[in-house]
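> Data file my_file_20.cif (mmCIF, C-alpha atoms) is appended below.
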```
data_my_file
loop_
_atom_site.label_atom_id
_atom_site.label_comp_id
_atom_site.auth_asym_id
_atom_site.auth_seq_id
_atom_site.Cartn_x
_atom_site.Cartn_y
_atom_site.Cartn_z
CA MET A 1 -13.07 -23.08 19.38
CA THR A 2 -14.59 -24.11 16.06
CA ALA A 3 -14.23 -21.67 13.16
CA PRO A 4 -17.55 -20.60 11.61
CA ALA A 5 -18.44 -22.56 8.48
CA VAL A 6 -17.72 -21.02 5.09
CA SER A 7 -21.02 -20.62 3.24
CA SER A 8 -19.53 -19.38 -0.05
CA PRO A 9 -18.11 -22.12 -2.33
CA ALA A 10 -15.88 -19.51 -4.01
CA LEU A 11 -14.39 -18.38 -0.71
CA GLU A 12 -13.99 -22.00 0.39
CA GLU A 13 -11.94 -22.58 -2.77
CA VAL A 14 -9.84 -19.45 -2.16
CA LEU A 15 -9.06 -20.75 1.32
CA ALA A 16 -8.13 -24.20 0.01
CA ARG A 17 -5.83 -22.75 -2.67
CA ALA A 18 -4.23 -20.35 -0.23
CA ARG A 19 -3.49 -23.08 2.29
CA GLU A 20 -1.70 -25.02 -0.45
CA LEU A 21 0.40 -21.96 -1.29
CA ILE A 22 1.35 -20.83 2.21
CA GLY A 23 5.08 -20.64 2.61
CA GLN A 24 5.89 -21.16 -1.07
CA TRP A 25 8.24 -18.23 -1.72
CA ARG A 26 8.56 -16.94 -5.26
CA ASP A 27 11.37 -14.67 -6.41
CA GLU A 28 10.73 -11.65 -8.61
CA ASP A 29 13.16 -9.42 -10.46
CA CYS A 30 12.25 -5.79 -9.77
CA GLY A 31 14.84 -4.53 -12.23
CA THR A 32 17.13 -1.56 -11.70
CA PRO A 33 15.07 1.52 -10.86
CA THR A 34 16.33 4.83 -12.18
CA VAL A 35 16.08 8.40 -10.92
CA LYS A 36 13.35 8.88 -13.51
CA ASP A 37 11.33 6.02 -12.01
CA PHE A 38 11.59 7.64 -8.57
CA CYS A 39 10.69 11.07 -9.94
CA ARG A 40 7.68 9.80 -11.84
CA TYR A 41 6.44 8.18 -8.64
CA ALA A 42 6.97 11.45 -6.75
CA ALA A 43 5.16 13.38 -9.49
CA ALA A 44 2.06 11.23 -9.00
CA LEU A 45 2.16 12.36 -5.37
CA ASN A 46 2.57 16.01 -6.37
CA ASP A 47 5.97 15.99 -4.65
CA GLY A 48 7.91 18.51 -6.71
CA GLY A 49 10.39 18.96 -3.87
CA TYR A 50 11.58 15.36 -4.15
CA ILE A 51 12.07 15.74 -7.89
CA SER A 52 14.19 18.89 -7.48
CA ARG A 53 16.36 17.29 -4.78
CA ALA A 54 16.77 14.02 -6.68
CA ARG A 55 17.77 15.71 -9.91
CA ALA A 56 20.24 17.96 -8.07
CA LEU A 57 21.86 14.93 -6.39
CA GLU A 58 22.02 13.14 -9.73
CA ALA A 59 23.67 16.17 -11.36
CA ASP A 60 26.29 16.12 -8.57
CA GLY A 61 26.92 12.41 -9.13
CA ARG A 62 25.61 11.53 -5.67
CA PRO A 63 23.37 8.57 -4.77
CA VAL A 64 19.64 9.13 -5.13
CA GLU A 65 17.41 7.30 -2.65
CA ALA A 66 13.89 6.26 -3.60
CA PRO A 67 10.82 7.82 -1.98
CA ALA A 68 10.29 5.85 1.23
CA LEU A 69 7.33 3.77 0.05
CA PHE A 70 8.36 3.39 -3.61
CA LEU A 71 8.94 -0.37 -3.32
CA ALA A 72 6.00 -1.05 -1.04
CA ALA A 73 3.48 0.87 -3.16
CA THR A 74 4.39 -0.64 -6.51
CA MET A 75 1.88 -3.39 -7.04
CA SER A 76 3.71 -5.49 -9.60
CA TRP A 77 7.21 -5.76 -11.04
CA GLU A 78 6.28 -8.11 -13.85
CA ASP A 79 6.43 -7.04 -17.51
CA GLY A 80 2.78 -7.80 -18.22
CA PRO A 81 0.28 -9.23 -18.77
CA PRO A 82 -1.58 -7.72 -21.74
CA GLU A 83 -5.13 -6.56 -21.14
CA ASP A 84 -6.82 -9.70 -22.42
CA GLU A 85 -5.17 -11.68 -19.64
CA LEU A 86 -6.45 -9.42 -16.85
CA ARG A 87 -9.41 -10.32 -14.68
CA PRO A 88 -12.61 -8.33 -15.39
CA ASP A 89 -11.75 -6.03 -12.47
CA GLY A 90 -8.40 -5.17 -14.09
CA LEU A 91 -6.21 -7.21 -11.77
CA ALA A 92 -3.60 -9.64 -12.99
CA LEU A 93 -3.58 -13.14 -11.55
CA ARG A 94 -0.34 -12.41 -9.70
CA GLU A 95 -2.07 -9.51 -7.94
CA SER A 96 -5.13 -11.57 -7.05
CA PRO A 97 -3.69 -14.78 -5.62
CA CYS A 98 -5.84 -17.91 -5.30
CA THR A 99 -8.82 -16.43 -7.19
CA GLU A 100 -8.41 -17.56 -10.81
CA GLY A 101 -11.80 -18.32 -12.39
CA LEU A 102 -13.74 -17.64 -9.20
CA PRO A 103 -16.62 -15.12 -8.78
CA VAL A 104 -14.85 -13.00 -6.18
CA ARG A 105 -13.63 -9.43 -5.80
CA GLN A 106 -10.96 -7.99 -3.60
CA VAL A 107 -9.81 -4.87 -1.77
CA HIS A 108 -6.73 -4.16 0.27
CA GLY A 109 -7.09 -4.50 4.02
CA GLY A 110 -3.91 -2.67 4.93
CA GLN A 111 -0.16 -2.94 5.04
CA SER A 112 2.76 -2.98 7.39
CA VAL A 113 6.01 -1.68 5.93
CA ARG A 114 9.38 -1.92 7.64
CA LEU A 115 12.26 0.02 6.12
CA ALA A 116 15.79 -1.21 6.66
CA ARG A 117 17.76 0.57 3.95
CA PRO A 118 16.51 2.85 1.19
CA PRO A 119 16.94 1.58 -2.36
CA VAL A 120 19.30 3.69 -4.44
CA ALA A 121 18.84 4.44 -8.14
CA GLY A 122 20.91 2.16 -10.36
CA THR A 123 20.90 -0.77 -7.93
CA ARG A 124 19.25 -4.03 -8.95
CA ILE A 125 16.45 -5.14 -6.62
CA THR A 126 14.88 -8.53 -6.18
CA ALA A 127 11.81 -9.48 -4.21
CA THR A 128 10.69 -12.70 -2.66
CA ARG A 129 6.98 -13.09 -2.03
CA ALA A 130 4.61 -15.62 -0.49
CA VAL A 131 1.12 -16.07 0.85
CA VAL A 132 1.70 -16.46 4.59
CA SER A 133 -1.81 -16.75 6.00
CA ALA A 134 -5.42 -17.33 5.02
CA ARG A 135 -8.32 -16.76 7.38
CA HIS A 136 -12.07 -16.89 7.03
CA LYS A 137 -13.85 -13.97 8.70
CA HIS A 138 -17.23 -12.36 9.17
CA GLY A 139 -17.45 -8.57 9.28
CA ARG A 140 -19.88 -5.71 8.76
CA SER A 141 -19.94 -6.48 5.05
CA GLY A 142 -20.48 -10.18 5.54
CA GLU A 143 -18.22 -13.11 4.88
CA PHE A 144 -14.72 -12.74 3.49
CA VAL A 145 -11.29 -14.33 3.33
CA LEU A 146 -8.28 -12.43 4.60
CA LEU A 147 -5.09 -13.36 2.79
CA GLY A 148 -1.75 -12.35 4.25
CA VAL A 149 1.05 -11.77 1.72
CA ARG A 150 4.64 -11.00 2.68
CA THR A 151 7.20 -9.46 0.33
CA ARG A 152 10.89 -8.93 1.15
CA PHE A 153 12.87 -6.61 -1.13
CA LEU A 154 16.56 -7.37 -1.29
CA SER A 155 19.69 -5.64 -2.58
CA PRO A 156 22.22 -7.55 -4.74
CA ASP A 157 24.23 -8.41 -1.60
CA GLY A 158 21.14 -10.03 -0.06
CA ASP A 159 20.48 -7.31 2.51
CA GLU A 160 16.84 -6.55 3.20
CA LEU A 161 15.76 -3.11 1.98
CA THR A 162 12.05 -3.18 2.75
CA ALA A 163 9.67 -5.79 4.12
CA VAL A 164 5.96 -5.53 3.45
CA ASP A 165 3.10 -7.46 5.01
CA GLU A 166 -0.19 -6.80 3.27
CA THR A 167 -3.68 -8.12 3.79
CA ILE A 168 -6.00 -8.77 0.88
CA VAL A 169 -9.73 -8.97 1.54
CA VAL A 170 -11.46 -11.42 -0.83
CA LEU A 171 -15.26 -11.22 -1.02
CA ASP A 172 -17.84 -13.34 -2.79
CA ALA A 173 -18.93 -11.37 -5.87
CA THR A 174 -22.22 -13.19 -6.25
CA GLY A 175 -23.93 -12.18 -3.04
CA GLY A 176 -21.76 -9.59 -1.30
CA ASP A 177 -23.15 -6.20 -0.35
CA ARG A 178 -19.93 -4.27 0.20
CA MET B 1 14.61 20.00 18.16
CA THR B 2 11.33 20.66 19.94
CA ALA B 3 10.86 18.61 23.13
CA LEU B 4 8.14 16.06 22.62
CA ALA B 5 6.16 13.86 24.93
CA ALA B 6 3.66 11.09 24.48
CA GLY B 7 0.17 12.44 24.14
CA ALA B 8 1.12 15.49 22.07
CA GLU B 9 -1.31 16.13 19.22
CA CYS B 10 0.02 16.90 15.73
CA PRO B 11 -1.70 19.71 13.84
CA PRO B 12 -4.23 18.09 11.49
CA ARG B 13 -3.77 18.22 7.71
CA ARG B 14 -6.74 18.43 5.35
CA TYR B 15 -6.68 17.26 1.73
CA ALA B 16 -8.55 15.44 -1.03
CA HIS B 17 -7.35 13.20 -3.84
CA THR B 18 -8.48 14.20 -7.33
CA SER B 19 -9.53 11.57 -9.84
CA VAL B 20 -6.49 12.61 -11.90
CA GLN B 21 -4.22 11.82 -8.98
CA LEU B 22 -5.85 8.43 -8.45
CA PHE B 23 -5.30 7.60 -12.12
CA ARG B 24 -1.67 8.77 -12.06
CA PHE B 25 -0.94 6.86 -8.85
CA SER B 26 -2.47 3.70 -10.29
CA ALA B 27 -0.37 4.10 -13.43
CA VAL B 28 2.92 4.75 -11.66
CA SER B 29 2.37 1.93 -9.15
CA TRP B 30 1.26 -0.53 -11.88
CA ASN B 31 -2.12 -0.98 -10.21
CA ALA B 32 -4.71 -1.79 -12.89
CA HIS B 33 -7.57 -2.47 -10.46
CA ARG B 34 -10.49 -0.67 -12.12
CA ILE B 35 -12.09 0.51 -8.88
CA HIS B 36 -9.31 3.13 -8.66
CA TYR B 37 -9.81 4.95 -12.00
CA ASP B 38 -13.04 3.71 -13.60
CA ALA B 39 -15.93 5.29 -11.69
CA ALA B 40 -18.55 3.38 -13.69
CA TYR B 41 -16.87 0.09 -12.83
CA ALA B 42 -16.44 1.14 -9.20
CA ALA B 43 -20.22 1.71 -9.08
CA THR B 44 -20.78 -1.93 -10.04
CA GLU B 45 -18.96 -2.87 -6.84
CA GLY B 46 -21.05 -0.43 -4.82
CA PHE B 47 -18.62 2.49 -4.56
CA PRO B 48 -19.83 6.06 -5.22
CA ASP B 49 -16.69 7.02 -7.21
CA ALA B 50 -13.13 5.89 -7.95
CA VAL B 51 -11.65 4.41 -4.77
CA VAL B 52 -8.50 5.78 -3.11
CA GLN B 53 -5.72 3.17 -3.23
CA SER B 54 -4.67 1.59 0.06
CA THR B 55 -1.05 2.43 -0.69
CA LEU B 56 -1.96 6.06 -1.36
CA HIS B 57 -3.46 6.17 2.12
CA GLY B 58 -0.16 4.75 3.38
CA GLU B 59 1.70 7.48 1.54
CA MET B 60 -0.45 10.17 3.14
CA LEU B 61 0.00 8.71 6.62
CA THR B 62 3.73 8.77 6.01
CA ARG B 63 4.13 12.06 4.18
CA HIS B 64 2.26 14.13 6.71
CA ALA B 65 4.19 12.43 9.53
CA LEU B 66 7.53 13.23 7.88
CA GLU B 67 6.45 16.79 7.17
CA TRP B 68 5.42 17.20 10.80
CA ALA B 69 8.72 15.66 12.00
CA GLY B 70 10.70 18.30 10.12
CA PRO B 71 13.56 18.47 7.59
CA GLY B 72 15.79 15.41 7.48
CA ALA B 73 13.28 13.11 9.22
CA ARG B 74 13.37 9.49 8.06
CA LEU B 75 10.65 6.88 7.94
CA GLU B 76 11.39 3.72 9.94
CA SER B 77 8.08 1.91 9.56
CA VAL B 78 4.44 2.45 8.82
CA ALA B 79 1.45 0.18 9.28
CA TRP B 80 -2.16 0.88 8.54
CA ARG B 81 -5.58 -0.75 8.32
CA ASN B 82 -8.31 0.36 5.95
CA VAL B 83 -11.44 0.83 8.02
CA ALA B 84 -13.69 2.47 5.41
CA THR B 85 -13.46 3.33 1.73
CA ALA B 86 -12.57 6.84 0.54
CA VAL B 87 -13.23 8.05 -2.99
CA ALA B 88 -12.04 10.75 -5.40
CA GLY B 89 -12.76 14.27 -4.23
CA GLU B 90 -13.64 13.23 -0.70
CA ARG B 91 -12.42 15.61 1.99
CA LEU B 92 -10.04 13.79 4.32
CA THR B 93 -8.09 14.79 7.40
CA TRP B 94 -4.79 13.39 8.64
CA ALA B 95 -4.59 13.42 12.42
CA ALA B 96 -1.92 11.99 14.70
CA THR B 97 -0.93 11.71 18.34
CA VAL B 98 2.59 11.06 19.66
CA SER B 99 2.48 7.65 21.33
CA SER B 100 6.14 7.33 22.32
CA VAL B 101 9.45 9.18 22.13
CA GLU B 102 12.81 7.43 22.44
CA GLY B 103 15.58 9.87 21.65
CA ALA B 104 15.12 10.97 18.07
CA ARG B 105 12.70 8.16 17.32
CA VAL B 106 9.05 9.14 17.51
CA ARG B 107 6.06 6.88 17.14
CA LEU B 108 2.72 8.32 16.08
CA ASP B 109 -0.75 6.86 16.23
CA ALA B 110 -2.09 8.26 12.98
CA ARG B 111 -5.53 8.31 11.42
CA ILE B 112 -7.22 9.45 8.27
CA LEU B 113 -10.69 10.77 9.02
CA LYS B 114 -13.68 11.33 6.78
CA ALA B 115 -15.59 14.62 6.73
CA ASP B 116 -18.00 13.39 9.43
CA GLY B 117 -15.06 12.57 11.72
CA SER B 118 -15.33 8.80 11.31
CA GLU B 119 -12.17 6.77 10.78
CA CYS B 120 -11.18 5.83 7.26
CA VAL B 121 -7.68 4.53 8.02
CA THR B 122 -5.91 3.85 11.30
CA GLY B 123 -2.23 3.17 11.74
CA THR B 124 1.15 3.87 13.26
CA VAL B 125 4.13 5.70 11.83
CA GLU B 126 7.63 5.54 13.24
CA VAL B 127 10.03 8.30 12.22
CA THR B 128 13.50 9.38 13.28
CA ARG B 129 13.90 13.13 13.55
CA ALA B 130 17.07 14.83 12.40
CA GLY B 131 19.35 15.95 15.22
#
```
Go ahead and render the structure in this file as structure tokens.

Amino acid sequence: MTAPAVSSPALEEVLARARELIGQWRDEDCGTPTVKDFCRYAAALNDGGYISRARALEADGRPVEAPALFLAATMSWEDGPPEDELRPDGLALRESPCTEGLPVRQVHGGQSVRLARPPVAGTRITATRAVVSARHKHGRSGEFVLLGVRTRFLSPDGDELTAVDETIVVLDATGGDR
Amino acid sequence: MTALAAGAECPPRRYAHTSVQLFRFSAVSWNAHRIHYDAAYAATEGFPDAVVQSTLHGEMLTRHALEWAGPGARLESVAWRNVATAVAGERLTWAATVSSVEGARVRLDARILKADGSECVTGTVEVTRAG
């Protein structure tokens, strides 16, 4: 079956860039999250119960596990960039793969998160991330590109903590109606 | 532990995300996408207000499932698809149905519904209940 033709030059370029990137894994240092990092995340979710439990465990010298989706929900582990390097929509290039300089916009299509072992405060975490798929689609809102991005979060001993598959919907910003 | 069987309906949970929460969640998750905290910018992309983050939807799918599963329940996996956009202040409902039970492990088909009953998010959540 022949795939429908891409009518948007910007989306055609996104597809071409993505296909070049597929399978190129890039490592990221997520740092060493602290109990405070976990508690601040929980506070944004109005989860006072987590904060009380985490601080009590910390006071007892016991391990403190992160909220279940802490790793998956954090969009970037990089230090920057400063504002003048962000796209007009506020996204950094790392968060908007294959779109640099193109008149496109993006929204998240969804995620699949598999938890193997919860990260514990004070443990260094690394991530490895790659574009794993790129598909051209037509939907209710018109034409778009669906990028698949996979991230594996690892403990210092190389064990997988969390694996995340996310889909990013890239739309043409010049003629879209979404 | 309460005996469970596939097909059991979980009691629905109703909630709304304030614009303050959307801002705080963007900040803590290092998500600078302006559609989530800048309503004027969101309007330029056709949204009626600041847009609820996909990962915040994932959190709500998960949190209500864990709350339903009871103290000590653990998340094994969650997957979701964004079907429609939700915005700040919008009244949402979490609803779920037990799709399978294997010992302590329970799989839910979960949804987030808009006020008119249409689907905003669909997904599955797998949790292990405490013994």
> With the file shown as input, list the residues that the PyMOL selection byres ((chain B) within 10 of (chain A)) selects, as an NGL selection string.
:B and (17 or 20-36 or 38 or 41-42 or 45-47 or 51 or 53-60 or 62-63 or 74-85 or 121-126)
> Store the residues picked out above in a file with C-alpha atoms, as an mmCIF file, keeping the file's coordinate frame.

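In the end it all went to again_35.cif:
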```
data_model
loop_
_atom_site.group_PDB
_atom_site.id
_atom_site.type_symbol
_atom_site.label_atom_id
_atom_site.label_comp_id
_atom_site.auth_asym_id
_atom_site.auth_seq_id
_atom_site.Cartn_x
_atom_site.Cartn_y
_atom_site.Cartn_z
ATOM 1 C CA HIS B 17 -7.350 13.200 -3.840
ATOM 2 C CA VAL B 20 -6.490 12.610 -11.900
ATOM 3 C CA GLN B 21 -4.220 11.820 -8.980
ATOM 4 C CA LEU B 22 -5.850 8.430 -8.450
ATOM 5 C CA PHE B 23 -5.300 7.600 -12.120
ATOM 6 C CA ARG B 24 -1.670 8.770 -12.060
ATOM 7 C CA PHE B 25 -0.940 6.860 -8.850
ATOM 8 C CA SER B 26 -2.470 3.700 -10.290
ATOM 9 C CA ALA B 27 -0.370 4.100 -13.430
ATOM 10 C CA VAL B 28 2.920 4.750 -11.660
ATOM 11 C CA SER B 29 2.370 1.930 -9.150
ATOM 12 C CA TRP B 30 1.260 -0.530 -11.880
ATOM 13 C CA ASN B 31 -2.120 -0.980 -10.210
ATOM 14 C CA ALA B 32 -4.710 -1.790 -12.890
ATOM 15 C CA HIS B 33 -7.570 -2.470 -10.460
ATOM 16 C CA ARG B 34 -10.490 -0.670 -12.120
ATOM 17 C CA ILE B 35 -12.090 0.510 -8.880
ATOM 18 C CA HIS B 36 -9.310 3.130 -8.660
ATOM 19 C CA ASP B 38 -13.040 3.710 -13.600
ATOM 20 C CA TYR B 41 -16.870 0.090 -12.830
ATOM 21 C CA ALA B 42 -16.440 1.140 -9.200
ATOM 22 C CA GLU B 45 -18.960 -2.870 -6.840
ATOM 23 C CA GLY B 46 -21.050 -0.430 -4.820
ATOM 24 C CA PHE B 47 -18.620 2.490 -4.560
ATOM 25 C CA VAL B 51 -11.650 4.410 -4.770
ATOM 26 C CA GLN B 53 -5.720 3.170 -3.230
ATOM 27 C CA SER B 54 -4.670 1.590 0.060
ATOM 28 C CA THR B 55 -1.050 2.430 -0.690
ATOM 29 C CA LEU B 56 -1.960 6.060 -1.360
ATOM 30 C CA HIS B 57 -3.460 6.170 2.120
ATOM 31 C CA GLY B 58 -0.160 4.750 3.380
ATOM 32 C CA GLU B 59 1.700 7.480 1.540
ATOM 33 C CA MET B 60 -0.450 10.170 3.140
ATOM 34 C CA THR B 62 3.730 8.770 6.010
ATOM 35 C CA ARG B 63 4.130 12.060 4.180
ATOM 36 C CA ARG B 74 13.370 9.490 8.060
ATOM 37 C CA LEU B 75 10.650 6.880 7.940
ATOM 38 C CA GLU B 76 11.390 3.720 9.940
ATOM 39 C CA SER B 77 8.080 1.910 9.560
ATOM 40 C CA VAL B 78 4.440 2.450 8.820
ATOM 41 C CA ALA B 79 1.450 0.180 9.280
ATOM 42 C CA TRP B 80 -2.160 0.880 8.540
ATOM 43 C CA ARG B 81 -5.580 -0.750 8.320
ATOM 44 C CA ASN B 82 -8.310 0.360 5.950
ATOM 45 C CA VAL B 83 -11.440 0.830 8.020
ATOM 46 C CA ALA B 84 -13.690 2.470 5.410
ATOM 47 C CA THR B 85 -13.460 3.330 1.730
ATOM 48 C CA VAL B 121 -7.680 4.530 8.020
ATOM 49 C CA THR B 122 -5.910 3.850 11.300
ATOM 50 C CA GLY B 123 -2.230 3.170 11.740
ATOM 51 C CA THR B 124 1.150 3.870 13.260
ATOM 52 C CA VAL B 125 4.130 5.700 11.830
ATOM 53 C CA GLU B 126 7.630 5.540 13.240
#
```
> One decimal, Å: what's the distance from atom CA of His136 of chain A over to atom CA of Val6 of chain A, could you say?
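Atom CA of His136 of chain A sits 7.3 Å away from atom CA of Val6 of chain A.
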> State, in Å with one decimal place, the distance from atom CA of Leu161 of chain A to atom CA of His64 of chain B.
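Straight-line distance from atom CA of Leu161 of chain A to atom CA of His64 of chain B works out to 22.4 Å.
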> Counting only C-alpha atoms, what is within 7 Å of segment 129-133 of chain A, bar same-chain residues fewer than 6 positions away, as a count of residues only?
14
> In Å, how far is it from atom CA of Gly142 of chain A to atom CA of Thr174 of chain A?
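Distance between the two atoms: 12.3 Å.
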> On this file, the PyMOL selection byres ((chain A and resi 35) around 8) gives some set of residues; write that set as a list in words.
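For this structure, the PyMOL selection byres ((chain A and resi 35) around 8) resolves to Pro33, Thr34, Lys36, Asp37, Phe38, Cys39, Ala54, Arg55, Glu58, Val64, Ala66, Ala121 and Gly122 of chain A.
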> For a quick check of understanding, using all atoms listed in the file, which of B:Gly70, B:Gly131, B:Pro12, B:Pro48 has the smallest distance to Ala86 of chain B?
B:Pro48
> Listed atoms of segment 31-37 of chain B, axis-aligned box, 5 Å per side: centre and edge lengths to one decimal in Å, as lines of an AutoDock Vina configuration file?

```
center_x = -7.1
center_y = 1.2
center_z = -10.8
size_x = 20.0
size_y = 17.4
size_z = 14.2
```
> Any chance you could resolve the PyMOL selection byres ((chain B and resi 88) around 7) against this file and give the residues as a list in words?
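Output from the PyMOL selection byres ((chain B and resi 88) around 7), applied to this file: His17, Thr18, Ser19, Asp49, Ala50, Val51, Val52, Val87, Gly89 and Glu90 of chain B.
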> Hey, can you pull every residue with an atom no more than 8 Å from (-12.0, 9.0, 8.7), using only C-alpha atoms, and send it as a PyMOL selection string?
chain B and resi 84+92-93+111-121
> May I have the protein, DNA and RNA residues with an atom at most 7 Å from (-6.7, -20.2, -5.3), counting only C-alpha atoms in the file's coordinates, returned as a list of chain:residue names?
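Output of the proximity query reads A:Glu13, A:Val14, A:Ala16, A:Arg17, A:Ala18, A:Pro97, A:Cys98, A:Thr99, A:Glu100.
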